[in-house]
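Quick look at start.txt (compact mmCIF, N, CA and C atoms):
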```txt
# COMPACT_ATOMS: atom_id res chain seq x y z
N MET A 28 10.30 11.41 -13.07
CA MET A 28 9.89 10.04 -13.28
C MET A 28 9.98 9.30 -11.95
N VAL A 29 8.99 8.46 -11.69
CA VAL A 29 8.99 7.58 -10.53
C VAL A 29 8.80 6.17 -11.05
N VAL A 30 9.62 5.25 -10.58
CA VAL A 30 9.51 3.85 -10.98
C VAL A 30 9.22 3.02 -9.75
N PHE A 31 8.23 2.16 -9.85
CA PHE A 31 7.93 1.23 -8.77
C PHE A 31 7.60 -0.12 -9.39
N ILE A 32 8.46 -1.07 -9.19
CA ILE A 32 8.38 -2.43 -9.74
C ILE A 32 8.27 -2.33 -11.27
N ASN A 33 7.08 -2.49 -11.84
CA ASN A 33 6.96 -2.43 -13.30
C ASN A 33 6.10 -1.26 -13.77
N ASP A 34 5.94 -0.26 -12.92
CA ASP A 34 5.18 0.94 -13.27
C ASP A 34 6.13 2.12 -13.40
N ILE A 35 5.90 2.94 -14.40
CA ILE A 35 6.67 4.17 -14.58
C ILE A 35 5.68 5.33 -14.64
N LEU A 36 5.86 6.29 -13.77
CA LEU A 36 5.02 7.48 -13.75
C LEU A 36 5.89 8.66 -14.18
N VAL A 37 5.49 9.31 -15.25
CA VAL A 37 6.24 10.46 -15.77
C VAL A 37 5.42 11.71 -15.51
N TYR A 38 6.02 12.69 -14.89
CA TYR A 38 5.32 13.94 -14.65
C TYR A 38 6.23 15.09 -15.04
N SER A 39 5.64 16.20 -15.43
CA SER A 39 6.41 17.33 -15.95
C SER A 39 5.80 18.64 -15.47
N ARG A 40 6.63 19.68 -15.49
CA ARG A 40 6.16 21.00 -15.06
C ARG A 40 5.40 21.72 -16.17
N THR A 41 5.80 21.47 -17.43
CA THR A 41 5.16 22.17 -18.55
C THR A 41 4.75 21.17 -19.62
N GLU A 42 3.90 21.62 -20.52
CA GLU A 42 3.49 20.76 -21.63
C GLU A 42 4.67 20.47 -22.56
N ASP A 43 5.53 21.46 -22.78
CA ASP A 43 6.71 21.24 -23.62
C ASP A 43 7.61 20.15 -23.03
N GLU A 44 7.82 20.24 -21.72
CA GLU A 44 8.61 19.19 -21.05
C GLU A 44 7.94 17.84 -21.22
N HIS A 45 6.61 17.86 -21.12
CA HIS A 45 5.89 16.59 -21.19
C HIS A 45 5.85 16.02 -22.61
N ASP A 46 6.07 16.84 -23.59
CA ASP A 46 6.25 16.32 -24.95
C ASP A 46 7.55 15.53 -25.05
N GLU A 47 8.58 16.01 -24.37
CA GLU A 47 9.92 15.43 -24.50
C GLU A 47 10.17 14.28 -23.52
N ASN A 48 9.74 14.40 -22.28
CA ASN A 48 10.08 13.42 -21.25
C ASN A 48 9.72 11.98 -21.61
N PRO A 49 8.50 11.68 -22.05
CA PRO A 49 8.19 10.29 -22.41
C PRO A 49 9.06 9.77 -23.55
N ARG A 50 9.39 10.64 -24.51
CA ARG A 50 10.27 10.22 -25.61
C ARG A 50 11.63 9.77 -25.08
N VAL A 51 12.19 10.57 -24.20
CA VAL A 51 13.51 10.26 -23.63
C VAL A 51 13.45 8.95 -22.86
N ILE A 52 12.42 8.77 -22.06
CA ILE A 52 12.29 7.56 -21.26
C ILE A 52 12.11 6.34 -22.14
N LEU A 53 11.24 6.44 -23.14
CA LEU A 53 11.03 5.29 -24.04
C LEU A 53 12.30 4.97 -24.83
N GLN A 54 13.05 5.99 -25.23
CA GLN A 54 14.31 5.76 -25.94
C GLN A 54 15.32 5.07 -25.02
N THR A 55 15.38 5.49 -23.78
CA THR A 55 16.28 4.87 -22.80
C THR A 55 15.90 3.41 -22.58
N LEU A 56 14.62 3.14 -22.47
CA LEU A 56 14.17 1.76 -22.33
C LEU A 56 14.60 0.92 -23.53
N ARG A 57 14.40 1.45 -24.72
CA ARG A 57 14.78 0.74 -25.95
C ARG A 57 16.27 0.44 -25.97
N GLU A 58 17.09 1.43 -25.62
CA GLU A 58 18.54 1.26 -25.64
C GLU A 58 19.02 0.20 -24.65
N THR A 59 18.28 0.00 -23.59
CA THR A 59 18.63 -1.02 -22.61
C THR A 59 17.85 -2.32 -22.82
N GLN A 60 17.20 -2.42 -23.96
CA GLN A 60 16.41 -3.59 -24.37
C GLN A 60 15.28 -3.90 -23.38
N LEU A 61 14.67 -2.84 -22.90
CA LEU A 61 13.45 -2.94 -22.10
C LEU A 61 12.35 -2.27 -22.90
N TYR A 62 11.14 -2.76 -22.80
CA TYR A 62 10.07 -2.24 -23.64
C TYR A 62 8.79 -2.02 -22.84
N ALA A 63 8.06 -1.00 -23.22
CA ALA A 63 6.77 -0.71 -22.61
C ALA A 63 5.68 -1.39 -23.44
N GLU A 64 4.70 -1.94 -22.77
CA GLU A 64 3.57 -2.54 -23.47
C GLU A 64 2.54 -1.43 -23.68
N PHE A 65 2.45 -0.95 -24.92
CA PHE A 65 1.65 0.24 -25.19
C PHE A 65 0.17 0.06 -24.89
N SER A 66 -0.33 -1.16 -24.90
CA SER A 66 -1.74 -1.36 -24.55
C SER A 66 -1.99 -1.04 -23.08
N LYS A 67 -0.93 -1.00 -22.26
CA LYS A 67 -1.07 -0.68 -20.85
C LYS A 67 -0.65 0.75 -20.53
N CYS A 68 -0.20 1.49 -21.55
CA CYS A 68 0.27 2.86 -21.35
C CYS A 68 -0.88 3.86 -21.47
N GLU A 69 -0.79 4.92 -20.70
CA GLU A 69 -1.73 6.03 -20.81
C GLU A 69 -0.90 7.31 -20.86
N PHE A 70 -1.27 8.21 -21.77
CA PHE A 70 -0.51 9.43 -21.95
C PHE A 70 -1.38 10.65 -21.73
N TRP A 71 -0.77 11.75 -21.35
CA TRP A 71 -1.39 13.07 -21.20
C TRP A 71 -2.56 13.06 -20.23
N LEU A 72 -2.41 12.36 -19.11
CA LEU A 72 -3.43 12.38 -18.08
C LEU A 72 -3.18 13.54 -17.14
N ARG A 73 -4.22 14.21 -16.72
CA ARG A 73 -4.08 15.33 -15.77
C ARG A 73 -3.97 14.81 -14.34
N GLU A 74 -4.60 13.67 -14.06
CA GLU A 74 -4.55 13.05 -12.75
C GLU A 74 -4.36 11.56 -12.94
N VAL A 75 -3.74 10.93 -11.97
CA VAL A 75 -3.54 9.49 -12.05
C VAL A 75 -3.84 8.85 -10.70
N THR A 76 -4.25 7.60 -10.73
CA THR A 76 -4.31 6.78 -9.53
C THR A 76 -3.14 5.84 -9.67
N PHE A 77 -2.29 5.84 -8.69
CA PHE A 77 -1.04 5.10 -8.80
C PHE A 77 -0.84 4.27 -7.54
N LEU A 78 -0.83 2.99 -7.68
CA LEU A 78 -0.60 2.06 -6.59
C LEU A 78 -1.70 2.03 -5.54
N ILE A 79 -2.85 2.54 -5.89
CA ILE A 79 -3.96 2.49 -4.93
C ILE A 79 -4.29 1.03 -4.60
N GLU A 80 -4.25 0.16 -5.60
CA GLU A 80 -4.55 -1.26 -5.36
C GLU A 80 -3.60 -1.85 -4.32
N ALA A 81 -2.32 -1.54 -4.42
CA ALA A 81 -1.33 -2.08 -3.47
C ALA A 81 -1.65 -1.62 -2.05
N VAL A 82 -2.06 -0.38 -1.92
CA VAL A 82 -2.39 0.15 -0.59
C VAL A 82 -3.69 -0.47 -0.08
N LEU A 83 -4.68 -0.58 -0.95
CA LEU A 83 -5.96 -1.15 -0.54
C LEU A 83 -5.84 -2.61 -0.13
N ASP A 84 -4.97 -3.35 -0.83
CA ASP A 84 -4.83 -4.78 -0.57
C ASP A 84 -3.83 -5.11 0.53
N TRP A 85 -3.17 -4.08 1.09
CA TRP A 85 -2.16 -4.31 2.12
C TRP A 85 -2.81 -4.89 3.36
N LYS A 86 -2.21 -5.94 3.90
CA LYS A 86 -2.75 -6.54 5.12
C LYS A 86 -2.63 -5.56 6.29
N GLN A 87 -3.60 -5.64 7.20
CA GLN A 87 -3.58 -4.77 8.37
C GLN A 87 -2.33 -5.07 9.18
N PRO A 88 -1.51 -4.04 9.49
CA PRO A 88 -0.29 -4.29 10.26
C PRO A 88 -0.61 -4.73 11.68
N ARG A 89 0.15 -5.71 12.17
CA ARG A 89 -0.09 -6.25 13.50
C ARG A 89 1.10 -6.09 14.44
N ASN A 90 2.22 -5.59 13.90
CA ASN A 90 3.39 -5.39 14.76
C ASN A 90 4.23 -4.25 14.18
N VAL A 91 5.29 -3.91 14.89
CA VAL A 91 6.12 -2.76 14.53
C VAL A 91 6.74 -2.94 13.14
N SER A 92 7.24 -4.13 12.84
CA SER A 92 7.89 -4.30 11.53
C SER A 92 6.88 -4.18 10.39
N GLU A 93 5.64 -4.61 10.60
CA GLU A 93 4.62 -4.46 9.57
C GLU A 93 4.21 -2.99 9.40
N ILE A 94 4.22 -2.23 10.48
CA ILE A 94 3.94 -0.79 10.38
C ILE A 94 5.06 -0.12 9.59
N HIS A 95 6.30 -0.46 9.91
CA HIS A 95 7.44 0.08 9.17
C HIS A 95 7.31 -0.24 7.68
N SER A 96 6.95 -1.46 7.37
CA SER A 96 6.82 -1.89 5.98
C SER A 96 5.77 -1.08 5.24
N PHE A 97 4.60 -0.89 5.87
CA PHE A 97 3.54 -0.11 5.23
C PHE A 97 3.97 1.34 5.05
N LEU A 98 4.59 1.93 6.07
CA LEU A 98 5.01 3.32 5.97
C LEU A 98 6.09 3.51 4.91
N ARG A 99 6.93 2.50 4.68
CA ARG A 99 7.91 2.59 3.59
C ARG A 99 7.22 2.64 2.24
N LEU A 100 6.21 1.78 2.05
CA LEU A 100 5.45 1.80 0.78
C LEU A 100 4.78 3.15 0.60
N ALA A 101 4.04 3.59 1.60
CA ALA A 101 3.31 4.84 1.49
C ALA A 101 4.27 6.02 1.39
N GLY A 102 5.36 6.00 2.13
CA GLY A 102 6.31 7.10 2.14
C GLY A 102 7.00 7.32 0.81
N TYR A 103 7.11 6.27 0.02
CA TYR A 103 7.72 6.39 -1.30
C TYR A 103 6.96 7.41 -2.15
N TYR A 104 5.67 7.57 -1.88
CA TYR A 104 4.82 8.46 -2.67
C TYR A 104 4.39 9.70 -1.91
N ARG A 105 5.08 10.01 -0.80
CA ARG A 105 4.70 11.15 0.03
C ARG A 105 4.70 12.46 -0.74
N GLN A 106 5.54 12.58 -1.77
CA GLN A 106 5.60 13.82 -2.56
C GLN A 106 4.30 14.08 -3.32
N PHE A 107 3.49 13.06 -3.50
CA PHE A 107 2.24 13.21 -4.23
C PHE A 107 1.03 13.35 -3.32
N VAL A 108 1.23 13.20 -2.00
CA VAL A 108 0.11 13.22 -1.06
C VAL A 108 0.24 14.45 -0.17
N GLU A 109 -0.65 15.40 -0.37
CA GLU A 109 -0.62 16.61 0.45
C GLU A 109 -0.94 16.26 1.90
N GLY A 110 -0.14 16.77 2.81
CA GLY A 110 -0.35 16.52 4.23
C GLY A 110 -0.01 15.10 4.65
N PHE A 111 0.91 14.46 3.94
CA PHE A 111 1.25 13.06 4.23
C PHE A 111 1.61 12.84 5.69
N SER A 112 2.45 13.70 6.24
CA SER A 112 2.90 13.48 7.62
C SER A 112 1.74 13.52 8.61
N LEU A 113 0.75 14.37 8.35
CA LEU A 113 -0.43 14.40 9.24
C LEU A 113 -1.26 13.13 9.10
N ILE A 114 -1.37 12.64 7.88
CA ILE A 114 -2.14 11.41 7.64
C ILE A 114 -1.45 10.21 8.29
N ALA A 115 -0.12 10.17 8.18
CA ALA A 115 0.65 9.03 8.69
C ALA A 115 0.95 9.14 10.19
N ALA A 116 0.64 10.28 10.81
CA ALA A 116 0.99 10.51 12.21
C ALA A 116 0.51 9.43 13.17
N PRO A 117 -0.73 8.94 13.07
CA PRO A 117 -1.16 7.90 14.02
C PRO A 117 -0.30 6.63 13.93
N LEU A 118 0.08 6.23 12.73
CA LEU A 118 0.94 5.06 12.59
C LEU A 118 2.35 5.35 13.08
N THR A 119 2.85 6.53 12.73
CA THR A 119 4.19 6.91 13.16
C THR A 119 4.26 6.95 14.69
N LYS A 120 3.21 7.42 15.32
CA LYS A 120 3.17 7.50 16.79
C LYS A 120 3.29 6.11 17.42
N LEU A 121 2.76 5.10 16.74
CA LEU A 121 2.85 3.73 17.27
C LEU A 121 4.30 3.23 17.30
N LEU A 122 5.17 3.86 16.52
CA LEU A 122 6.57 3.44 16.46
C LEU A 122 7.42 4.09 17.55
N CYS A 123 6.87 5.08 18.24
CA CYS A 123 7.61 5.78 19.28
C CYS A 123 7.73 4.91 20.52
N LYS A 124 8.81 5.12 21.26
CA LYS A 124 8.97 4.41 22.53
C LYS A 124 7.88 4.90 23.48
N GLY A 125 7.35 3.99 24.26
CA GLY A 125 6.35 4.38 25.23
C GLY A 125 4.99 3.74 25.02
N PRO A 126 4.51 3.60 23.75
CA PRO A 126 3.20 2.92 23.61
C PRO A 126 3.27 1.51 24.17
N GLU A 127 2.21 1.05 24.73
CA GLU A 127 2.19 -0.28 25.34
C GLU A 127 2.31 -1.34 24.26
N SER A 128 3.31 -2.20 24.39
CA SER A 128 3.48 -3.27 23.41
C SER A 128 2.59 -4.44 23.79
N GLY A 129 2.26 -5.24 22.82
CA GLY A 129 1.43 -6.40 23.06
C GLY A 129 -0.06 -6.12 22.99
N LYS A 130 -0.44 -4.86 23.04
CA LYS A 130 -1.85 -4.52 22.95
C LYS A 130 -2.26 -4.49 21.48
N GLU A 131 -3.47 -4.95 21.21
CA GLU A 131 -3.99 -4.88 19.86
C GLU A 131 -4.42 -3.46 19.55
N PHE A 132 -4.38 -3.11 18.29
CA PHE A 132 -4.87 -1.81 17.86
C PHE A 132 -5.60 -1.99 16.55
N THR A 133 -6.44 -1.04 16.21
CA THR A 133 -7.19 -1.08 14.97
C THR A 133 -6.81 0.12 14.15
N MET A 134 -6.59 -0.10 12.85
CA MET A 134 -6.27 0.99 11.95
C MET A 134 -7.45 1.16 11.00
N TYR A 135 -7.94 2.38 10.90
CA TYR A 135 -9.02 2.70 9.98
C TYR A 135 -8.45 3.52 8.85
N SER A 136 -8.82 3.21 7.62
CA SER A 136 -8.36 4.00 6.48
C SER A 136 -9.48 4.07 5.46
N ASP A 137 -9.30 5.01 4.54
CA ASP A 137 -10.28 5.20 3.49
C ASP A 137 -9.53 5.49 2.21
N ALA A 138 -9.96 4.93 1.12
CA ALA A 138 -9.29 5.20 -0.15
C ALA A 138 -10.33 5.20 -1.26
N SER A 139 -10.04 5.97 -2.27
CA SER A 139 -10.89 5.99 -3.46
C SER A 139 -9.97 5.92 -4.66
N HIS A 140 -10.51 5.98 -5.84
CA HIS A 140 -9.67 5.97 -7.02
C HIS A 140 -9.08 7.35 -7.31
N VAL A 141 -9.31 8.30 -6.41
CA VAL A 141 -8.79 9.65 -6.58
C VAL A 141 -7.77 9.97 -5.50
N ASP A 142 -8.09 9.67 -4.26
CA ASP A 142 -7.24 10.01 -3.13
C ASP A 142 -7.13 8.84 -2.18
N LEU A 143 -6.16 8.98 -1.30
CA LEU A 143 -5.98 8.01 -0.23
C LEU A 143 -6.07 8.75 1.08
```

This entry written out as structure tokens:
Amino acid sequence: MVVFINDILVYSRTEDEHDENPRVILQTLRETQLYAEFSKCEFWLREVTFLIEAVLDWKQPRNVSEIHSFLRLAGYYRQFVEGFSLIAAPLTKLLCKGPESGKEFTMYSDASHVDL
């Protein structure tokens, strides 16, 4: 299970596990007096788009702290993105000592409802 703000993503290795995992999570929510809005829930999906909107709407970073902030958001989901370190390498390189500070840079990215 991955939780980010008000989203819960449940994933399982087997179908049997996936029969049980959502039940356990929903029961735990109920016991702590937290509830899922079922009109917003989706079950048994083979693929999901998760937080793509947050990434798409992120302001272009203009300084080191903004790069750190974006990489923290993206890094939270690195386990779901194959080759994450290669994708993030250009931004990570900007954090290394030695790049000229004060110079403007442009970041290009592409995202779809399937991949980032």

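The space between atom N of A:Asp43 and atom CA of A:Leu61 spans 25.7 Å.
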
query: Could you pull out the helix (DSSP H, G or I) residues of chain A from DSSP and send them as a PyMOL selection string?
result: chain A and resi 42-58+65-67+79-83+91-102+105-107+111-121

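Residue nearest A:Trp85 within the list A:Asn33, A:Ser112, A:Gln54, A:Phe97: A:Phe97 [criterion: smallest interatomic distance, only N, CA and C atoms].
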
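Of note, atom CA of A:Ile32 and atom CA of A:Lys120 are spaced 28.8 Å apart.
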
task: Take the point (3.8, 8.0, -21.6) as written in the file and pick out every residue within 6 Å of it, counting only N, CA and C atoms; give the list as a list in words.
output: Pro49, Glu69, Phe70 and Trp71 of chain A

So which residues of chain A fall under strand (DSSP E) by DSSP, listed as a PDB file with N, CA and C atoms, keeping the file's coordinate frame?
```pdb
ATOM      1  N   VAL A  29       8.990   8.460 -11.690  1.00  0.00           N
ATOM      2  CA  VAL A  29       8.990   7.580 -10.530  1.00  0.00           C
ATOM      3  C   VAL A  29       8.800   6.170 -11.050  1.00  0.00           C
ATOM      4  N   VAL A  30       9.620   5.250 -10.580  1.00  0.00           N
ATOM      5  CA  VAL A  30       9.510   3.850 -10.980  1.00  0.00           C
ATOM      6  C   VAL A  30       9.220   3.020  -9.750  1.00  0.00           C
ATOM      7  N   PHE A  31       8.230   2.160  -9.850  1.00  0.00           N
ATOM      8  CA  PHE A  31       7.930   1.230  -8.770  1.00  0.00           C
ATOM      9  C   PHE A  31       7.600  -0.120  -9.390  1.00  0.00           C
ATOM     10  N   ASP A  34       5.940  -0.260 -12.920  1.00  0.00           N
ATOM     11  CA  ASP A  34       5.180   0.940 -13.270  1.00  0.00           C
ATOM     12  C   ASP A  34       6.130   2.120 -13.400  1.00  0.00           C
ATOM     13  N   ILE A  35       5.900   2.940 -14.400  1.00  0.00           N
ATOM     14  CA  ILE A  35       6.670   4.170 -14.580  1.00  0.00           C
ATOM     15  C   ILE A  35       5.680   5.330 -14.640  1.00  0.00           C
ATOM     16  N   LEU A  36       5.860   6.290 -13.770  1.00  0.00           N
ATOM     17  CA  LEU A  36       5.020   7.480 -13.750  1.00  0.00           C
ATOM     18  C   LEU A  36       5.890   8.660 -14.180  1.00  0.00           C
TER      19      LEU A  36
END
```

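For the pair atom C of A:Tyr104 and atom C of A:Ser39, the separation is 16.3 Å.
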
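Considering the residues A:Asp84, A:Glu74, A:Glu93, A:Asp137 and counting only C-alpha atoms, A:Val37 has its shortest atom-to-atom contact with A:Glu74.
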
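Distance annotation: of A:Val30, A:Met134, A:Glu44, A:Gly125, the residue with the minimal separation from A:Tyr103 is A:Val30; atom set is only C-alpha atoms.
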
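When only C-alpha atoms are used to compute distances to A:Asn90, the closest of the residues A:Val75, A:Leu36, A:Leu121, A:Val108 turns out to be A:Leu121.
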
message: When you look at A:Ile35 with a cut-off of 12 Å (counting only C-alpha atoms), what residues show up, excluding the ones that are within fewer than 4 positions of it in the same chain? I need them as a list of chain:residue names.
response: A:Met28, A:Val29, A:Val30, A:Phe31, A:Asn48, A:Pro49, A:Ile52, A:Leu53, A:Leu56, A:Tyr62, A:Ala63, A:Glu64, A:Lys67, A:Cys68, A:Glu69, A:Phe70, A:Val75, A:Phe77, A:Leu78
